[in-house]
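Data from my_file-v2.cif: mmCIF, C-alpha atoms
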data_start
loop_
_atom_site.label_atom_id
_atom_site.label_comp_id
_atom_site.auth_asym_id
_atom_site.auth_seq_id
_atom_site.Cartn_x
_atom_site.Cartn_y
_atom_site.Cartn_z
CA MET A 79 107.78 111.40 74.60
CA TYR A 80 109.18 108.16 73.23
CA GLN A 81 110.73 108.26 69.77
CA ALA A 82 111.41 105.06 67.88
CA ARG A 83 114.67 105.04 66.00
CA PHE A 84 113.97 102.63 63.19
CA THR A 85 116.55 102.66 60.45
CA ASN A 86 115.17 99.99 58.15
CA LEU A 87 111.56 101.02 57.65
CA ASP A 88 109.61 101.22 54.41
CA LEU A 89 105.93 102.12 54.55
CA ARG A 90 103.93 101.55 51.37
CA GLU A 91 100.32 101.25 50.30
CA ALA A 92 99.82 98.05 48.33
CA ASP A 93 97.35 95.38 47.32
CA CYS A 94 97.70 92.60 49.89
CA ARG A 95 97.13 90.01 47.16
CA ASP A 96 100.16 91.25 45.22
CA LEU A 97 102.74 92.77 47.55
CA PRO A 98 105.51 94.83 45.88
CA PHE A 99 108.34 92.99 47.65
CA GLU A 100 110.77 90.27 46.66
CA ASP A 101 110.36 86.71 47.94
CA ASN A 102 111.82 86.11 51.42
CA THR A 103 112.09 89.82 52.31
CA PHE A 104 110.78 90.10 55.88
CA ASP A 105 111.64 88.60 59.25
CA VAL A 106 108.27 89.60 60.74
CA LEU A 107 104.90 90.41 59.20
CA TYR A 108 102.05 91.77 61.34
CA ASN A 109 98.49 92.21 60.12
CA GLY A 110 95.84 93.63 62.41
CA TYR A 111 92.12 93.63 61.73
CA MET A 112 92.28 93.55 57.94
CA LEU A 113 91.37 89.96 57.11
CA ASP A 114 87.83 90.38 58.44
CA LEU A 115 87.30 93.19 55.91
CA ILE A 116 88.30 91.47 52.68
CA PRO A 117 86.22 88.99 50.65
CA LEU A 118 86.44 85.40 51.87
CA ALA A 119 87.67 84.28 48.45
CA ASP A 120 90.74 86.53 48.87
CA LEU A 121 91.87 85.09 52.21
CA ALA A 122 93.93 82.22 50.80
CA PRO A 123 95.70 84.40 48.17
CA VAL A 124 96.52 87.01 50.82
CA VAL A 125 97.95 84.45 53.24
CA ALA A 126 99.93 82.86 50.38
CA GLU A 127 101.37 86.29 49.60
CA PHE A 128 102.35 86.72 53.26
CA HIS A 129 104.11 83.34 53.03
CA ARG A 130 105.94 84.42 49.87
CA VAL A 131 107.41 87.63 51.33
CA LEU A 132 108.48 86.15 54.68
CA LYS A 133 111.97 84.75 55.06
CA PRO A 134 112.35 81.11 56.15
CA GLY A 135 112.02 81.17 59.91
CA GLY A 136 110.09 84.44 59.66
CA ARG A 137 107.16 85.09 61.95
CA LEU A 138 103.63 86.04 61.02
CA ILE A 139 101.22 87.58 63.52
CA LEU A 140 97.57 87.94 62.51
CA LEU A 141 94.93 89.66 64.62
CA ASN A 142 91.36 89.65 63.41
CA MET A 143 87.74 89.52 64.47
CA SER A 144 86.82 85.91 64.97
CA LYS A 145 84.65 83.46 66.85
CA ALA A 146 85.18 80.51 69.15
CA ASP A 147 84.43 77.79 66.60
CA ASP A 148 83.12 77.16 63.08
CA LYS A 149 79.41 77.37 63.97
CA ILE A 150 77.56 79.91 61.83
CA THR A 151 76.41 82.89 63.89
CA PRO A 152 73.07 84.66 63.34
CA LEU A 153 74.89 87.73 61.99
CA GLU A 154 76.78 85.58 59.49
CA LYS A 155 73.47 84.31 58.15
CA LEU A 156 72.34 87.90 57.70
CA TYR A 157 75.55 89.34 56.15
CA PRO A 158 75.14 87.84 52.63
CA ARG A 159 71.68 89.38 52.33
CA LEU A 160 72.86 92.95 53.03
CA PRO A 161 75.03 95.42 51.12
CA GLY A 162 78.57 95.36 52.52
CA SER A 163 78.61 99.00 53.55
CA PHE A 164 75.31 98.56 55.37
CA VAL A 165 76.75 95.74 57.48
CA LEU A 166 79.75 97.82 58.56
CA TYR A 167 77.83 100.97 59.39
CA PHE A 168 74.68 99.45 60.83
CA PHE A 169 76.22 96.68 62.91
CA GLY A 170 79.56 98.40 63.47
CA ILE A 171 81.40 95.11 63.24
CA CYS A 172 82.97 92.93 60.58
CA ARG A 173 82.25 89.30 59.96
CA PRO A 174 84.23 86.81 62.04
CA VAL A 175 87.10 85.01 60.34
CA LEU A 176 88.68 81.68 61.22
CA ILE A 177 92.08 81.93 59.55
CA GLU A 178 94.03 79.11 61.24
CA GLY A 179 93.21 76.46 58.59
CA ILE A 180 94.07 78.79 55.70
CA VAL A 181 97.40 79.60 57.35
CA LYS A 182 98.25 75.91 57.67
CA GLU A 183 97.25 75.26 54.04
CA ALA A 184 99.64 78.05 52.94
CA GLY A 185 102.55 76.04 54.33
CA PHE A 186 103.21 77.82 57.61
CA GLN A 187 104.41 75.76 60.55
CA TYR A 188 104.06 76.06 64.31
CA VAL A 189 100.63 77.63 64.03
CA ALA A 190 99.17 78.79 67.34
CA ARG A 191 95.74 80.33 67.86
CA LYS A 192 94.59 82.31 70.86
CA TYR A 193 90.90 83.21 71.03
CA LEU A 194 89.91 86.39 72.86
CA GLU A 195 86.29 86.55 74.01
CA GLY A 196 84.54 89.84 74.46
CA VAL A 197 82.41 92.45 72.78
CA VAL A 198 84.75 92.27 69.79
CA ALA A 199 85.75 88.61 69.80
CA SER A 200 89.15 88.21 68.16
CA GLU A 201 91.85 85.71 67.47
CA ILE A 202 95.61 86.02 67.44
CA ILE A 203 97.38 83.63 65.10
CA THR A 204 101.14 83.31 65.38
CA VAL A 205 103.14 81.19 62.97
CA VAL A 206 106.63 80.53 61.70
CA LYS A 207 107.55 80.03 58.06
CA GLY A 208 109.36 76.70 57.71
#
Go ahead and render the structure in this file as C-alpha cells.
Amino acid sequence: MYQARFTNLDLREADCRDLPFEDNTFDVLYNGYMLDLIPLADLAPVVAEFHRVLKPGGRLILLNMSKADDKITPLEKLYPRLPGSFVLYFFGICRPVLIEGIVKEAGFQYVARKYLEGVVASEIITVVKG
C-alpha cells in the first residue's frame, strides 16, 4: 500500500468565503465539485478568497459540474422552483456552473478551461495567480 509522506499538511474545516489563512499562503489550491453546491451569489467571493490565499505564481485548479456553453438548460429553469434539497436528492445532480469568467474577474491570469462531456458534464479550470 502506498503511503504519502507529506510533512507540510494542514487540514481544516472552514468557510470558503472566509478562509483562516494569511494572504499569499499557498502554492497550489485545488477545489473539486464544491462550486456547483454553493449559492451563485457566493461564487465571486469564494474565488476572490482563493485569489487572496494563493501566492503570486500560485496555481488554482477547479473541477465542477458544468455545461458546454451559457445556454440555459431545462433543469436550470426548473431548479429555482424547487427546494434545494429536493433538487439534489430527486435529480441526483447539482446545477451546472460556468466559473471561467468569475475566475478572470478575480484577477487570475492564464485561465484555461477544459470541458468534459458525459453523464456528469464537468469543467476543469486551471489558472495562475499573477
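The closest residue to Ala92 in chain A, picked from A:Leu156, A:Leu140, A:Ala184, A:Val124 and counting all atoms listed in the file, is A:Val124.
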Separation of CA of Leu115 in chain A from CA of Asn142 in chain A, in Å and rounded to one decimal
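These two atoms are separated by 9.2 Å.
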The PyMOL selection byres ((chain A and resi 101) around 8) resolved against shown file, as a PyMOL selection string
chain A and resi 99-100+102-103+130-133
Near-range 109-114 of chain A list (7 Å; all atoms listed in the file; drop same-chain fewer than 2 positions) as a list of chain:residue names
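What passes the distance filter is A:Leu107, A:Ile116, A:Leu121, A:Ile139, A:Leu140, A:Leu141, A:Asn142, A:Met143, A:Cys172, A:Arg173, A:Pro174, A:Val175.
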Provide the CA of Ala146 in chain A to CA of Gly208 in chain A distance in Å, to one decimal place.
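For CA of Ala146 in chain A relative to CA of Gly208 in chain A, the distance reads 27.0 Å.
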Measure the distance from CA of Val106 in chain A to CA of Leu138 in chain A in Å and round it to one decimal.
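It comes out at 5.9 Å.
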Can you spell out as a list in words the set of residues that the PyMOL selection byres ((chain A and resi 203) around 7) selects in the structure I just provided?
Ile139, Leu140, Leu141, Glu178, Val189, Ala190, Arg191, Lys192, Glu201, Ile202, Thr204 and Val205 of chain A
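Closest approach to Pro134 in chain A from the set A:Asp105, A:Asp120, A:Asp148, A:Glu154 is made by A:Asp105, with distances taken over all atoms listed in the file.
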With only C-alpha atoms as the atoms that count, which of A:Ser144, A:Gly185, A:Lys149, A:Arg137 lies nearest to Val206 in chain A?
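Ranking A:Ser144, A:Gly185, A:Lys149, A:Arg137 by distance to Val206 in chain A, first place goes to A:Arg137.
If all atoms listed in the file are the atoms counted, then among A:Lys155, A:Ala126, A:Gly136, A:Leu194 the closest residue to Lys182 in chain A is A:Ala126.
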Counting only C-alpha atoms, which residue out of A:Lys145, A:Ala119, A:His129, A:Cys94 sits closest to Gly196 in chain A?
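Checking each candidate against Gly196 in chain A, we get A:Lys145 as the closest.
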Can I get a file of range 111-182 of chain A from the given structure, C-alpha atoms kept, as an mmCIF file, in the first residue's frame?
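File result.cif, as written:
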data_model
loop_
_atom_site.group_PDB
_atom_site.id
_atom_site.type_symbol
_atom_site.label_atom_id
_atom_site.label_comp_id
_atom_site.auth_asym_id
_atom_site.auth_seq_id
_atom_site.Cartn_x
_atom_site.Cartn_y
_atom_site.Cartn_z
ATOM 1 C CA TYR A 111 -17.064 19.649 -7.032
ATOM 2 C CA MET A 112 -17.902 22.278 -4.430
ATOM 3 C CA LEU A 113 -18.719 25.337 -6.518
ATOM 4 C CA ASP A 114 -21.797 23.696 -8.025
ATOM 5 C CA LEU A 115 -23.201 23.280 -4.498
ATOM 6 C CA ILE A 116 -22.958 26.827 -3.188
ATOM 7 C CA PRO A 117 -25.306 29.747 -3.983
ATOM 8 C CA LEU A 118 -24.484 31.568 -7.210
ATOM 9 C CA ALA A 119 -24.117 34.843 -5.298
ATOM 10 C CA ASP A 120 -21.241 33.303 -3.310
ATOM 11 C CA LEU A 121 -19.153 32.248 -6.320
ATOM 12 C CA ALA A 122 -17.319 35.557 -6.780
ATOM 13 C CA PRO A 123 -16.487 35.957 -3.044
ATOM 14 C CA VAL A 124 -15.203 32.364 -2.905
ATOM 15 C CA VAL A 125 -12.988 32.788 -5.958
ATOM 16 C CA ALA A 126 -11.721 36.122 -4.573
ATOM 17 C CA GLU A 127 -10.811 34.319 -1.354
ATOM 18 C CA PHE A 128 -8.929 31.670 -3.346
ATOM 19 C CA HIS A 129 -7.032 34.514 -5.048
ATOM 20 C CA ARG A 130 -6.197 36.078 -1.681
ATOM 21 C CA VAL A 131 -4.652 32.945 -0.147
ATOM 22 C CA LEU A 132 -2.622 31.904 -3.203
ATOM 23 C CA LYS A 133 0.942 33.110 -3.555
ATOM 24 C CA PRO A 134 1.888 35.082 -6.683
ATOM 25 C CA GLY A 135 2.567 32.468 -9.330
ATOM 26 C CA GLY A 136 0.385 30.009 -7.406
ATOM 27 C CA ARG A 137 -1.873 27.629 -9.278
ATOM 28 C CA LEU A 138 -5.588 27.119 -8.858
ATOM 29 C CA ILE A 139 -7.365 24.011 -10.139
ATOM 30 C CA LEU A 140 -11.163 23.962 -10.097
ATOM 31 C CA LEU A 141 -13.279 20.960 -11.033
ATOM 32 C CA ASN A 142 -17.030 21.332 -11.091
ATOM 33 C CA MET A 143 -20.212 20.263 -12.804
ATOM 34 C CA SER A 144 -20.681 22.445 -15.828
ATOM 35 C CA LYS A 145 -22.072 22.698 -19.327
ATOM 36 C CA ALA A 146 -20.719 23.372 -22.783
ATOM 37 C CA ASP A 147 -21.905 26.977 -23.057
ATOM 38 C CA ASP A 148 -24.051 29.632 -21.376
ATOM 39 C CA LYS A 149 -27.396 28.412 -22.765
ATOM 40 C CA ILE A 150 -29.942 27.766 -20.017
ATOM 41 C CA THR A 151 -30.731 24.062 -19.701
ATOM 42 C CA PRO A 152 -34.231 22.720 -18.939
ATOM 43 C CA LEU A 153 -33.082 21.621 -15.477
ATOM 44 C CA GLU A 154 -31.753 25.107 -14.741
ATOM 45 C CA LYS A 155 -35.195 26.515 -15.490
ATOM 46 C CA LEU A 156 -36.681 24.054 -13.020
ATOM 47 C CA TYR A 157 -34.125 24.456 -10.182
ATOM 48 C CA PRO A 158 -35.336 27.856 -8.865
ATOM 49 C CA ARG A 159 -38.855 26.498 -8.467
ATOM 50 C CA LEU A 160 -37.822 23.578 -6.239
ATOM 51 C CA PRO A 161 -36.436 23.330 -2.699
ATOM 52 C CA GLY A 162 -32.656 22.880 -2.839
ATOM 53 C CA SER A 163 -32.632 19.535 -1.063
ATOM 54 C CA PHE A 164 -35.293 18.219 -3.439
ATOM 55 C CA VAL A 165 -33.122 19.039 -6.453
ATOM 56 C CA LEU A 166 -30.119 17.169 -5.057
ATOM 57 C CA TYR A 167 -31.991 14.073 -3.966
ATOM 58 C CA PHE A 168 -34.514 13.819 -6.760
ATOM 59 C CA PHE A 169 -32.269 14.640 -9.706
ATOM 60 C CA GLY A 170 -29.043 13.425 -8.100
ATOM 61 C CA ILE A 171 -27.072 16.213 -9.721
ATOM 62 C CA CYS A 172 -26.099 19.780 -8.974
ATOM 63 C CA ARG A 173 -26.669 22.760 -11.192
ATOM 64 C CA PRO A 174 -24.023 23.430 -13.829
ATOM 65 C CA VAL A 175 -21.575 26.248 -13.170
ATOM 66 C CA LEU A 176 -19.558 28.283 -15.649
ATOM 67 C CA ILE A 177 -16.755 29.656 -13.484
ATOM 68 C CA GLU A 178 -14.205 30.822 -16.086
ATOM 69 C CA GLY A 179 -15.485 34.425 -16.255
ATOM 70 C CA ILE A 180 -15.612 34.782 -12.463
ATOM 71 C CA VAL A 181 -12.043 33.498 -12.227
ATOM 72 C CA LYS A 182 -10.851 36.078 -14.747
#
